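This is protein-v1.cif. It holds mmCIF, C-alpha atoms and all ligand atoms.
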data_input
#
loop_
_atom_site.label_atom_id
_atom_site.label_comp_id
_atom_site.auth_asym_id
_atom_site.auth_seq_id
_atom_site.Cartn_x
_atom_site.Cartn_y
_atom_site.Cartn_z
CA MET J 1 -10.92 -192.13 -161.43
CA GLU J 2 -14.21 -192.05 -159.57
CA ASP J 3 -14.95 -189.34 -157.08
CA LYS J 4 -13.71 -191.07 -153.94
CA LYS J 5 -11.09 -190.01 -151.43
CA LEU J 6 -7.54 -190.76 -152.47
CA ILE J 7 -5.30 -193.01 -150.40
CA PHE J 8 -1.54 -193.12 -150.89
CA SER J 9 0.92 -195.40 -149.18
CA GLY J 10 4.40 -196.73 -149.71
CA ILE J 11 6.33 -199.70 -148.42
CA GLN J 12 10.04 -200.42 -148.26
CA PRO J 13 11.31 -203.16 -150.59
CA THR J 14 12.43 -205.65 -147.97
CA GLY J 15 11.46 -208.55 -150.27
CA THR J 16 9.35 -210.29 -147.70
CA PHE J 17 7.01 -208.82 -145.13
CA THR J 18 6.67 -209.75 -141.50
CA LEU J 19 3.38 -210.81 -139.99
CA GLY J 20 3.48 -207.36 -138.38
CA ASN J 21 3.75 -205.53 -141.75
CA TYR J 22 0.99 -207.75 -143.07
CA MET J 23 -1.50 -207.37 -140.24
CA GLY J 24 -0.68 -203.74 -139.51
CA ALA J 25 -0.70 -202.49 -143.08
CA VAL J 26 -0.61 -204.60 -146.21
CA LYS J 27 -3.68 -206.72 -145.44
CA ASN J 28 -5.68 -203.49 -145.18
CA TRP J 29 -4.39 -202.11 -148.46
CA GLY J 30 -6.46 -204.67 -150.34
CA SER J 31 -9.64 -203.98 -148.40
CA LEU J 32 -9.37 -200.21 -148.93
CA GLN J 33 -9.63 -200.60 -152.70
CA GLU J 34 -13.42 -200.70 -152.81
CA GLU J 35 -14.07 -197.60 -150.74
CA TYR J 36 -11.21 -195.39 -151.95
CA ASN J 37 -9.05 -194.64 -154.94
CA CYS J 38 -5.75 -196.18 -153.93
CA ILE J 39 -2.20 -195.53 -155.05
CA TYR J 40 0.52 -197.77 -153.62
CA CYS J 41 4.21 -197.83 -154.30
CA VAL J 42 7.32 -199.82 -153.50
CA VAL J 43 9.80 -197.18 -152.33
CA ASP J 44 13.13 -198.29 -153.77
CA MET J 45 14.43 -194.70 -153.72
CA HIS J 46 13.89 -194.53 -149.97
CA ALA J 47 15.68 -197.86 -149.61
CA ILE J 48 19.06 -196.54 -150.81
CA THR J 49 19.32 -194.13 -147.87
CA VAL J 50 21.01 -197.13 -146.26
CA ARG J 51 23.59 -199.31 -148.06
CA GLN J 52 22.03 -201.84 -150.41
CA ASP J 53 23.44 -204.58 -152.55
CA PRO J 54 22.21 -203.55 -156.04
CA ALA J 55 21.27 -207.04 -157.26
CA LYS J 56 19.46 -207.76 -154.01
CA LEU J 57 17.62 -204.44 -154.07
CA ARG J 58 16.36 -205.18 -157.56
CA GLN J 59 15.20 -208.65 -156.55
CA ASN J 60 13.64 -207.43 -153.30
CA THR J 61 11.78 -204.68 -155.14
CA LEU J 62 10.26 -207.15 -157.59
CA ASN J 63 9.43 -209.58 -154.80
CA SER J 64 7.78 -206.85 -152.76
CA TYR J 65 5.72 -205.82 -155.76
CA ALA J 66 4.58 -209.42 -156.37
CA LEU J 67 3.90 -209.89 -152.66
CA LEU J 68 1.64 -206.85 -152.52
CA MET J 69 -0.36 -208.41 -155.32
CA ALA J 70 -0.38 -211.77 -153.56
CA CYS J 71 -1.71 -210.00 -150.44
CA GLY J 72 -4.67 -208.61 -152.35
CA VAL J 73 -3.61 -205.35 -154.00
CA ASP J 74 -5.18 -205.56 -157.44
CA PRO J 75 -3.33 -203.54 -160.11
CA GLU J 76 -6.62 -203.17 -162.01
CA LYS J 77 -8.30 -201.50 -159.03
CA SER J 78 -5.36 -199.57 -157.59
CA ILE J 79 -2.35 -197.87 -159.08
CA LEU J 80 0.56 -200.07 -157.99
CA PHE J 81 4.05 -199.05 -159.06
CA ILE J 82 7.74 -198.83 -158.30
CA GLN J 83 8.85 -195.41 -157.02
CA SER J 84 11.96 -194.99 -159.19
CA HIS J 85 9.86 -195.54 -162.34
CA VAL J 86 7.99 -192.29 -161.81
CA ARG J 87 10.33 -189.30 -162.03
CA THR J 88 7.84 -186.76 -160.66
CA HIS J 89 8.71 -187.97 -157.15
CA ALA J 90 12.32 -186.87 -157.52
CA GLU J 91 11.27 -183.62 -159.21
CA LEU J 92 8.83 -182.63 -156.51
CA ASN J 93 11.31 -183.75 -153.87
CA TRP J 94 13.69 -180.96 -154.90
CA ILE J 95 11.05 -178.25 -154.75
CA LEU J 96 9.72 -179.40 -151.40
CA GLY J 97 13.28 -179.60 -150.07
CA CYS J 98 13.64 -175.90 -150.83
CA ASN J 99 10.56 -175.36 -148.66
CA THR J 100 11.73 -177.44 -145.71
CA GLN J 101 13.89 -176.15 -142.90
CA PHE J 102 17.10 -177.81 -141.74
CA GLY J 103 15.81 -177.45 -138.19
CA GLU J 104 12.61 -179.37 -138.78
CA LEU J 105 14.47 -182.26 -140.41
CA SER J 106 16.89 -182.33 -137.47
CA ARG J 107 14.00 -183.08 -135.15
CA MET J 108 12.95 -186.28 -136.93
CA THR J 109 13.38 -189.13 -134.47
CA GLN J 110 13.87 -191.73 -137.21
CA PHE J 111 16.84 -189.74 -138.55
CA LYS J 112 18.35 -189.56 -135.08
CA ASP J 113 17.90 -193.32 -134.60
CA LYS J 114 19.18 -194.30 -138.02
CA SER J 115 22.19 -192.01 -137.93
CA GLN J 116 23.16 -193.52 -134.60
CA ARG J 117 22.79 -197.01 -135.99
CA HIS J 118 24.87 -196.21 -139.11
CA PRO J 119 27.37 -193.62 -137.83
CA ASP J 120 29.69 -194.32 -140.79
CA ASP J 121 27.05 -193.35 -143.36
CA VAL J 122 25.02 -190.37 -142.25
CA ASN J 123 24.29 -189.33 -145.83
CA SER J 124 22.14 -186.38 -146.86
CA GLY J 125 19.51 -188.72 -148.35
CA LEU J 126 18.93 -190.16 -144.90
CA PHE J 127 18.47 -186.64 -143.61
CA THR J 128 16.04 -185.56 -146.34
CA TYR J 129 14.17 -188.88 -146.45
CA PRO J 130 10.98 -187.29 -145.07
CA VAL J 131 10.98 -184.71 -147.89
CA LEU J 132 10.88 -187.48 -150.48
CA MET J 133 8.09 -189.10 -148.52
CA ALA J 134 6.19 -185.79 -148.59
CA ALA J 135 6.76 -185.64 -152.36
CA ASP J 136 5.35 -189.18 -152.75
CA ILE J 137 2.15 -188.10 -151.05
CA LEU J 138 1.78 -184.55 -152.39
CA ALA J 139 2.52 -185.51 -156.01
CA TYR J 140 -0.96 -187.07 -155.97
CA ASN J 141 -2.64 -184.66 -153.58
CA ALA J 142 -3.60 -187.66 -151.46
CA ASP J 143 -6.30 -187.20 -148.81
CA LEU J 144 -5.39 -190.10 -146.57
CA VAL J 145 -2.19 -191.93 -145.77
CA PRO J 146 -2.26 -195.24 -143.91
CA VAL J 147 0.86 -195.26 -141.75
CA GLY J 148 2.06 -196.88 -138.57
CA VAL J 149 2.93 -194.83 -135.49
CA ASP J 150 6.61 -194.78 -136.46
CA GLN J 151 5.73 -192.72 -139.57
CA LYS J 152 3.36 -190.25 -137.95
CA GLN J 153 6.04 -187.63 -137.40
CA HIS J 154 6.98 -187.80 -141.10
CA LEU J 155 3.37 -187.38 -142.12
CA GLU J 156 3.03 -184.41 -139.79
CA LEU J 157 6.06 -182.88 -141.52
CA ALA J 158 4.48 -183.50 -144.95
CA ARG J 159 1.44 -181.53 -143.77
CA ASN J 160 3.64 -178.69 -142.56
CA ILE J 161 5.54 -178.56 -145.84
CA ALA J 162 2.25 -178.53 -147.79
CA GLN J 163 0.87 -175.79 -145.59
CA ARG J 164 3.98 -173.64 -145.99
CA PHE J 165 3.90 -174.10 -149.76
CA ASN J 166 0.24 -173.11 -149.81
CA GLN J 167 1.01 -169.96 -147.84
CA ARG J 168 3.86 -168.97 -150.14
CA TYR J 169 2.36 -169.84 -153.49
CA GLY J 170 -1.40 -169.92 -152.96
CA ASP J 171 -3.65 -172.78 -151.89
CA PHE J 172 -2.71 -175.86 -153.84
CA PHE J 173 -1.80 -178.97 -151.88
CA THR J 174 -4.33 -181.07 -150.01
CA LEU J 175 -3.19 -181.51 -146.40
CA PRO J 176 -2.87 -185.29 -146.02
CA GLU J 177 -4.45 -186.93 -142.97
CA PRO J 178 -3.22 -190.10 -141.31
CA TYR J 179 -5.54 -193.00 -141.93
CA ILE J 180 -6.01 -195.20 -138.91
CA PRO J 181 -7.61 -198.43 -140.10
CA LYS J 182 -10.67 -199.80 -138.29
CA VAL J 183 -8.97 -203.13 -138.03
CA GLY J 184 -5.23 -203.34 -137.91
CA ALA J 185 -2.94 -203.99 -135.09
CA LYS J 186 0.53 -203.67 -133.79
CA ILE J 187 2.02 -207.14 -133.73
CA MET J 188 4.70 -207.74 -131.14
CA SER J 189 7.80 -209.95 -131.15
CA LEU J 190 7.10 -213.59 -130.28
CA GLN J 191 10.21 -213.65 -128.09
CA GLU J 192 9.99 -210.26 -126.37
CA PRO J 193 6.32 -209.32 -126.60
CA THR J 194 6.87 -205.77 -125.34
CA LYS J 195 8.86 -205.02 -128.53
CA LYS J 196 7.46 -204.60 -132.03
CA MET J 197 7.88 -207.62 -134.32
CA SER J 198 10.82 -206.83 -136.57
CA LYS J 199 12.61 -208.59 -139.38
CA SER J 200 15.94 -207.32 -138.04
CA ASP J 201 15.53 -209.11 -134.70
CA GLU J 202 18.58 -211.33 -134.08
CA ASN J 203 16.38 -214.13 -132.81
CA PRO J 204 14.72 -215.71 -135.89
CA ASN J 205 11.96 -217.13 -133.68
CA ALA J 206 10.80 -213.61 -132.79
CA CYS J 207 9.42 -212.85 -136.20
CA ILE J 208 7.04 -214.58 -138.63
CA LEU J 209 7.72 -213.87 -142.28
CA ILE J 210 4.68 -214.23 -144.48
CA LEU J 211 6.57 -216.53 -146.84
CA ASP J 212 7.64 -218.89 -144.02
CA ASP J 213 6.38 -222.43 -144.66
CA LYS J 214 3.76 -224.06 -142.46
CA ASP J 215 6.19 -226.05 -140.30
CA THR J 216 8.34 -223.00 -139.64
CA ILE J 217 5.33 -220.92 -138.66
CA ILE J 218 4.04 -223.57 -136.27
CA ARG J 219 7.49 -224.09 -134.76
CA LYS J 220 7.92 -220.35 -134.11
CA PHE J 221 4.51 -220.08 -132.45
CA LYS J 222 5.21 -223.14 -130.29
CA ARG J 223 8.30 -221.34 -128.98
CA ALA J 224 6.50 -218.05 -128.39
CA VAL J 225 7.23 -216.52 -124.99
CA THR J 226 4.18 -216.29 -122.72
CA ASP J 227 3.93 -216.09 -118.91
CA SER J 228 3.75 -218.37 -115.89
CA ASP J 229 -0.04 -218.26 -115.77
CA THR J 230 -2.08 -220.97 -117.49
CA GLU J 231 -5.26 -219.26 -118.56
CA VAL J 232 -5.83 -217.94 -122.08
CA CYS J 233 -7.32 -214.54 -121.30
CA TYR J 234 -6.62 -210.99 -122.43
CA SER J 235 -5.34 -208.90 -119.56
CA GLU J 236 -2.75 -206.38 -118.57
CA GLY J 237 0.75 -207.75 -118.08
CA LYS J 238 0.12 -210.83 -120.22
CA ASP J 239 1.86 -209.31 -123.25
CA GLY J 240 2.71 -212.61 -124.92
CA ILE J 241 -0.80 -214.04 -124.63
CA ASN J 242 -2.37 -210.72 -125.60
CA ASN J 243 -0.26 -210.66 -128.74
CA LEU J 244 -1.17 -214.24 -129.65
CA MET J 245 -4.85 -213.49 -129.03
CA THR J 246 -4.66 -210.44 -131.28
CA ILE J 247 -3.09 -212.49 -134.06
CA TYR J 248 -5.59 -215.33 -133.63
CA SER J 249 -8.46 -212.87 -133.61
CA ILE J 250 -7.32 -211.27 -136.88
CA VAL J 251 -6.96 -214.55 -138.76
CA THR J 252 -10.11 -216.23 -137.42
CA GLY J 253 -12.38 -213.21 -137.01
CA LYS J 254 -13.24 -214.36 -133.44
CA ASP J 255 -13.37 -211.80 -130.66
CA PHE J 256 -11.43 -212.14 -127.40
CA ALA J 257 -14.41 -213.51 -125.44
CA ALA J 258 -14.92 -216.25 -128.02
CA ILE J 259 -11.23 -217.12 -127.92
CA GLU J 260 -11.24 -217.26 -124.12
CA SER J 261 -14.11 -219.72 -124.06
CA GLU J 262 -12.65 -221.78 -126.90
CA PHE J 263 -9.51 -222.37 -124.83
CA ALA J 264 -11.05 -222.50 -121.35
CA GLY J 265 -9.47 -225.39 -119.47
CA LYS J 266 -6.84 -225.96 -122.14
CA GLY J 267 -3.17 -225.08 -121.71
CA TYR J 268 -0.96 -222.57 -123.49
CA GLY J 269 0.52 -225.39 -125.58
CA ASP J 270 -2.80 -226.11 -127.28
CA PHE J 271 -3.42 -222.43 -127.81
CA LYS J 272 -0.02 -221.74 -129.37
CA LEU J 273 -0.44 -224.69 -131.73
CA ALA J 274 -3.90 -223.45 -132.75
CA VAL J 275 -2.56 -219.95 -133.45
CA GLY J 276 0.32 -221.39 -135.50
CA GLU J 277 -2.01 -223.52 -137.58
CA ALA J 278 -4.51 -220.74 -138.12
CA VAL J 279 -1.80 -218.31 -139.24
CA ALA J 280 -0.16 -220.87 -141.54
CA ASP J 281 -3.53 -221.71 -143.15
CA HIS J 282 -4.39 -218.03 -143.49
CA LEU J 283 -1.09 -217.29 -145.26
CA GLU J 284 -1.18 -220.38 -147.48
CA PRO J 285 -3.01 -218.62 -150.37
CA VAL J 286 -0.57 -215.69 -150.17
CA ARG J 287 2.39 -218.06 -150.52
CA THR J 288 0.75 -219.93 -153.40
CA GLU J 289 -0.16 -216.75 -155.26
CA PHE J 290 3.32 -215.31 -154.70
CA ALA J 291 4.91 -218.46 -156.14
CA ARG J 292 2.62 -218.30 -159.16
CA LEU J 293 3.27 -214.59 -159.81
CA SER J 294 7.02 -214.92 -159.35
CA LYS J 295 7.14 -217.35 -162.24
CA ASP J 296 5.15 -215.04 -164.48
CA LYS J 297 7.77 -212.35 -165.07
CA ALA J 298 6.07 -211.00 -168.19
CA TYR J 299 2.80 -210.42 -166.38
CA LEU J 300 4.54 -208.72 -163.46
CA LYS J 301 6.38 -206.47 -165.86
CA LYS J 302 3.15 -205.56 -167.60
CA CYS J 303 1.61 -204.67 -164.23
CA TYR J 304 4.42 -202.46 -163.00
CA THR J 305 4.87 -200.80 -166.38
CA GLU J 306 1.20 -199.90 -166.61
CA GLY J 307 1.17 -198.88 -162.95
CA ALA J 308 4.06 -196.46 -163.56
CA GLU J 309 2.33 -195.01 -166.62
CA LYS J 310 -0.84 -194.31 -164.67
CA ALA J 311 1.09 -192.85 -161.73
CA MET J 312 3.13 -190.68 -164.07
CA LYS J 313 0.07 -189.33 -165.83
CA TYR J 314 -1.65 -188.55 -162.56
CA SER J 315 1.30 -186.90 -160.81
CA GLN J 316 2.58 -185.07 -163.89
CA ARG J 317 -0.54 -182.89 -163.92
CA ILE J 318 0.11 -181.86 -160.34
CA VAL J 319 3.88 -181.42 -160.58
CA SER J 320 3.60 -179.30 -163.76
CA LYS J 321 1.36 -176.90 -161.86
CA VAL J 322 3.88 -176.79 -159.03
CA TYR J 323 6.66 -175.97 -161.52
CA HIS J 324 4.61 -173.09 -162.80
CA LYS J 325 3.72 -171.86 -159.33
CA VAL J 326 7.33 -171.61 -158.17
CA GLY J 327 8.25 -169.62 -161.29
CA PHE J 328 9.82 -172.14 -163.68
CA VAL J 329 9.35 -171.28 -167.35
CA ASP J 330 6.67 -173.50 -168.91
CA ARG J 331 8.04 -176.08 -171.32
N1 LIG P 401 8.64 -194.11 -144.89
C1 LIG P 401 7.72 -195.21 -145.01
C2 LIG P 401 8.22 -196.38 -144.17
O1 LIG P 401 9.36 -196.51 -143.92
C3 LIG P 401 7.53 -195.66 -146.43
C4 LIG P 401 6.98 -194.56 -147.27
C5 LIG P 401 7.67 -193.86 -148.24
C6 LIG P 401 5.67 -194.04 -147.24
N2 LIG P 401 6.86 -192.97 -148.81
C7 LIG P 401 5.63 -193.03 -148.24
C8 LIG P 401 4.54 -194.35 -146.48
C9 LIG P 401 4.47 -192.30 -148.46
C10 LIG P 401 3.39 -193.60 -146.71
C11 LIG P 401 3.35 -192.58 -147.69
O2 LIG P 401 7.42 -197.19 -143.80
#
Take the structure I supplied and represent it as structure tokens, if you would.
Ligand code: TRP
Amino acid sequence: MEDKKLIFSGIQPTGTFTLGNYMGAVKNWGSLQEEYNCIYCVVDMHAITVRQDPAKLRQNTLNSYALLMACGVDPEKSILFIQSHVRTHAELNWILGCNTQFGELSRMTQFKDKSQRHPDDVNSGLFTYPVLMAADILAYNADLVPVGVDQKQHLELARNIAQRFNQRYGDFFTLPEPYIPKVGAKIMSLQEPTKKMSKSDENPNACILILDDKDTIIRKFKRAVTDSDTEVCYSEGKDGINNLMTIYSIVTGKDFAAIESEFAGKGYGDFKLAVGEAVADHLEPVRTEFARLSKDKAYLKKCYTEGAEKAMKYSQRIVSKVYHKVGFVDR
């Protein structure tokens, strides 16, 4: 690989992404490919920390892989693979786990949240989830990790684990930095615009899925919650309108001032319809490409097989050195 900084990121295999996942993360993954060496993976091993239906997990993993490609991740430019295909992640996970304290894992807010939400299944994988995430990143000695705010604490822990390892065994791991994209945004729920847009929202109108068809997208935007004002302008307290303006700005490239003048004197109804249409048109090529890729199973298989081979080769070099450093007998 060329001498550029290395980016690593992973995404959960939910099968389809929300407009929030897309605008906050996945859309950027494609654009980072020119400036950086990029390694991206679908984290099926992380997914089983909560109960999964096996057949569905398999399907969702393949769909997520195809969707990343449809969103612009090019398996020729980046290394794109499925986590469970590359055993170095599990191997490094064990070693890093032996260098992570129970106390630090107990402080992870996502563990506290998830164990409260699934009190009947507080398994040890859920507890050590951030160690596997650290292994994902450190197995490649990644420089930069694009993550949302909800993952910042986990990334901080990965840095601490790397630092501790370096102190014990001699400087080895690169300390990964969070990558905050220049463009990228937190997209809020269309029904409760103070909350993050989430696929698990009970109200289906709250969340746009990037594979929703045009009519569905427009219908959801028409029902978006706004305020009792009438003017399309970005200002404090107008969470619904601010969110719609952010979305419209991302898909059209227009800034807020331009959007304000475009809709001066028009009502919220016109604006919501325009946002819906712009988003649906923007996502049209993603849907088309996803449909095309989904039919081409052989090509997908070739992509994820080659992706795993490249990831394996890259991470094996690093993990072998780690094995040696901790005192395992060389094979
Ligand atoms: N934990 C991340 C999430 O839930 C996914 C993830 C797994 C990840 N491994 C990673 C993200 C490594 C960045 C780097 O979103």
10 Å from ligand LIG 401 (chain P) is the threshold here; counting all atoms listed in the file, which polymer residues fall inside it? Answer as an mmCIF file with C-alpha atoms, keeping the file's coordinate frame.
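What landed in selection_21.cif:
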data_model
loop_
_atom_site.group_PDB
_atom_site.id
_atom_site.type_symbol
_atom_site.label_atom_id
_atom_site.label_comp_id
_atom_site.auth_asym_id
_atom_site.auth_seq_id
_atom_site.Cartn_x
_atom_site.Cartn_y
_atom_site.Cartn_z
ATOM 1 C CA ILE J 7 -5.300 -193.010 -150.400
ATOM 2 C CA PHE J 8 -1.540 -193.120 -150.890
ATOM 3 C CA SER J 9 0.920 -195.400 -149.180
ATOM 4 C CA GLY J 10 4.400 -196.730 -149.710
ATOM 5 C CA ILE J 11 6.330 -199.700 -148.420
ATOM 6 C CA GLN J 12 10.040 -200.420 -148.260
ATOM 7 C CA PRO J 13 11.310 -203.160 -150.590
ATOM 8 C CA ASN J 21 3.750 -205.530 -141.750
ATOM 9 C CA ALA J 25 -0.700 -202.490 -143.080
ATOM 10 C CA ILE J 39 -2.200 -195.530 -155.050
ATOM 11 C CA TYR J 40 0.520 -197.770 -153.620
ATOM 12 C CA CYS J 41 4.210 -197.830 -154.300
ATOM 13 C CA VAL J 42 7.320 -199.820 -153.500
ATOM 14 C CA VAL J 43 9.800 -197.180 -152.330
ATOM 15 C CA ASP J 44 13.130 -198.290 -153.770
ATOM 16 C CA MET J 45 14.430 -194.700 -153.720
ATOM 17 C CA HIS J 46 13.890 -194.530 -149.970
ATOM 18 C CA ALA J 47 15.680 -197.860 -149.610
ATOM 19 C CA GLN J 83 8.850 -195.410 -157.020
ATOM 20 C CA HIS J 89 8.710 -187.970 -157.150
ATOM 21 C CA GLN J 110 13.870 -191.730 -137.210
ATOM 22 C CA TYR J 129 14.170 -188.880 -146.450
ATOM 23 C CA PRO J 130 10.980 -187.290 -145.070
ATOM 24 C CA VAL J 131 10.980 -184.710 -147.890
ATOM 25 C CA LEU J 132 10.880 -187.480 -150.480
ATOM 26 C CA MET J 133 8.090 -189.100 -148.520
ATOM 27 C CA ALA J 134 6.190 -185.790 -148.590
ATOM 28 C CA ALA J 135 6.760 -185.640 -152.360
ATOM 29 C CA ASP J 136 5.350 -189.180 -152.750
ATOM 30 C CA ILE J 137 2.150 -188.100 -151.050
ATOM 31 C CA LEU J 138 1.780 -184.550 -152.390
ATOM 32 C CA ALA J 142 -3.600 -187.660 -151.460
ATOM 33 C CA LEU J 144 -5.390 -190.100 -146.570
ATOM 34 C CA VAL J 145 -2.190 -191.930 -145.770
ATOM 35 C CA PRO J 146 -2.260 -195.240 -143.910
ATOM 36 C CA VAL J 147 0.860 -195.260 -141.750
ATOM 37 C CA GLY J 148 2.060 -196.880 -138.570
ATOM 38 C CA VAL J 149 2.930 -194.830 -135.490
ATOM 39 C CA ASP J 150 6.610 -194.780 -136.460
ATOM 40 C CA GLN J 151 5.730 -192.720 -139.570
ATOM 41 C CA LYS J 152 3.360 -190.250 -137.950
ATOM 42 C CA HIS J 154 6.980 -187.800 -141.100
ATOM 43 C CA LEU J 155 3.370 -187.380 -142.120
ATOM 44 C CA ALA J 158 4.480 -183.500 -144.950
ATOM 45 C CA PRO J 176 -2.870 -185.290 -146.020
ATOM 46 C CA PRO J 178 -3.220 -190.100 -141.310
#
Closest of J:Thr305, J:Asn205, J:Ser31, J:Thr174 to His85 (chain J), counting only C-alpha atoms, is J:Thr305
Given the point (-12.4, -194.1, -151.8) in the file's coordinates, find the residues that have an atom at most 7 Å from it, counting only C-alpha atoms, and give them as number ranges by chain. J: 4-6, 34-37
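Of the listed residues J:Ile79, J:Ile218, J:Ile247, J:Met188, the one whose atoms come nearest to Ala206 (chain J) is J:Met188, with distances taken using all atoms listed in the file.
Remark: for Leu211 (chain J), the closest of the candidate residues J:Asn141, J:Ser64, J:Asn99, J:Thr128 is J:Ser64 (distances computed over only C-alpha atoms).
With only C-alpha atoms as the atoms that count, the minimum distance from Leu32 (chain J) to the choices J:Val286, J:Ile318, J:Val73, J:Val50 is reached by J:Val73.
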Which polymer residues, whether protein, DNA or RNA, lie within 9 Å of the coordinate (-4.8, -206.4, -133.5) when you count all atoms listed in the file? List them as a tab-separated table (two decimals) with C-alpha atoms, keeping the file's coordinate frame, using the chain letters and numbers from the file.
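out-v1.tsv was written with the following content:
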chain	number	residue	atom	x	y	z
J	23	MET	CA	-1.50	-207.37	-140.24
J	24	GLY	CA	-0.68	-203.74	-139.51
J	183	VAL	CA	-8.97	-203.13	-138.03
J	184	GLY	CA	-5.23	-203.34	-137.91
J	185	ALA	CA	-2.94	-203.99	-135.09
J	186	LYS	CA	0.53	-203.67	-133.79
J	187	ILE	CA	2.02	-207.14	-133.73
J	243	ASN	CA	-0.26	-210.66	-128.74
J	245	MET	CA	-4.85	-213.49	-129.03
J	246	THR	CA	-4.66	-210.44	-131.28
J	247	ILE	CA	-3.09	-212.49	-134.06
J	248	TYR	CA	-5.59	-215.33	-133.63
J	249	SER	CA	-8.46	-212.87	-133.61
J	250	ILE	CA	-7.32	-211.27	-136.88
List every residue of region 182-272 of chain J that has an atom at most 12 Å from any atom of region 277-281 of chain J, and for each one report the closest atom pair and its distance in Å to one decimal, counting only C-alpha atoms, with rows sorted by chain and then by increasing residue number, as JSON lines.
{"residue": "J:Ile208", "atom": "CA", "partner": "J:Val279", "partner_atom": "CA", "distance": 9.6}
{"residue": "J:Leu209", "atom": "CA", "partner": "J:Ala280", "partner_atom": "CA", "distance": 10.6}
{"residue": "J:Ile210", "atom": "CA", "partner": "J:Ala280", "partner_atom": "CA", "distance": 8.7}
{"residue": "J:Leu211", "atom": "CA", "partner": "J:Ala280", "partner_atom": "CA", "distance": 9.6}
{"residue": "J:Asp212", "atom": "CA", "partner": "J:Ala280", "partner_atom": "CA", "distance": 8.4}
{"residue": "J:Asp213", "atom": "CA", "partner": "J:Ala280", "partner_atom": "CA", "distance": 7.4}
{"residue": "J:Lys214", "atom": "CA", "partner": "J:Ala280", "partner_atom": "CA", "distance": 5.1}
{"residue": "J:Asp215", "atom": "CA", "partner": "J:Ala280", "partner_atom": "CA", "distance": 8.3}
{"residue": "J:Thr216", "atom": "CA", "partner": "J:Ala280", "partner_atom": "CA", "distance": 9.0}
{"residue": "J:Ile217", "atom": "CA", "partner": "J:Ala280", "partner_atom": "CA", "distance": 6.2}
{"residue": "J:Ile218", "atom": "CA", "partner": "J:Glu277", "partner_atom": "CA", "distance": 6.2}
{"residue": "J:Arg219", "atom": "CA", "partner": "J:Glu277", "partner_atom": "CA", "distance": 9.9}
{"residue": "J:Lys220", "atom": "CA", "partner": "J:Glu277", "partner_atom": "CA", "distance": 11.0}
{"residue": "J:Phe221", "atom": "CA", "partner": "J:Glu277", "partner_atom": "CA", "distance": 9.0}
{"residue": "J:Lys222", "atom": "CA", "partner": "J:Glu277", "partner_atom": "CA", "distance": 10.3}
{"residue": "J:Leu244", "atom": "CA", "partner": "J:Val279", "partner_atom": "CA", "distance": 10.4}
{"residue": "J:Met245", "atom": "CA", "partner": "J:Ala278", "partner_atom": "CA", "distance": 11.6}
{"residue": "J:Thr246", "atom": "CA", "partner": "J:Val279", "partner_atom": "CA", "distance": 11.6}
{"residue": "J:Ile247", "atom": "CA", "partner": "J:Val279", "partner_atom": "CA", "distance": 7.9}
{"residue": "J:Tyr248", "atom": "CA", "partner": "J:Ala278", "partner_atom": "CA", "distance": 7.1}
{"residue": "J:Ser249", "atom": "CA", "partner": "J:Ala278", "partner_atom": "CA", "distance": 9.9}
{"residue": "J:Ile250", "atom": "CA", "partner": "J:Val279", "partner_atom": "CA", "distance": 9.3}
{"residue": "J:Val251", "atom": "CA", "partner": "J:Val279", "partner_atom": "CA", "distance": 6.4}
{"residue": "J:Thr252", "atom": "CA", "partner": "J:Ala278", "partner_atom": "CA", "distance": 7.2}
{"residue": "J:Gly253", "atom": "CA", "partner": "J:Ala278", "partner_atom": "CA", "distance": 10.9}
{"residue": "J:Lys254", "atom": "CA", "partner": "J:Ala278", "partner_atom": "CA", "distance": 11.8}
{"residue": "J:Asp270", "atom": "CA", "partner": "J:Glu277", "partner_atom": "CA", "distance": 10.6}
{"residue": "J:Phe271", "atom": "CA", "partner": "J:Glu277", "partner_atom": "CA", "distance": 9.9}
{"residue": "J:Lys272", "atom": "CA", "partner": "J:Glu277", "partner_atom": "CA", "distance": 8.6}
For Ile95 (chain J), list every protein, DNA or RNA residue within 10 Å, evaluated using all atoms listed in the file, and leave out those in the same chain fewer than 3 positions away; present the list as a list in words. Ala90, Glu91, Leu92, Cys98, Asn99, Thr100, Val131, Ala135, Phe165, Val319, Val322, Tyr323 and Val326 of chain J
Compile the contact shell of Arg51 (chain J) as number ranges by chain: residues with an atom at most 12 Å away, counting only C-alpha atoms, same-chain residues fewer than 3 positions apart removed. J: 44-48, 54, 56-57, 118, 120-123, 125-126
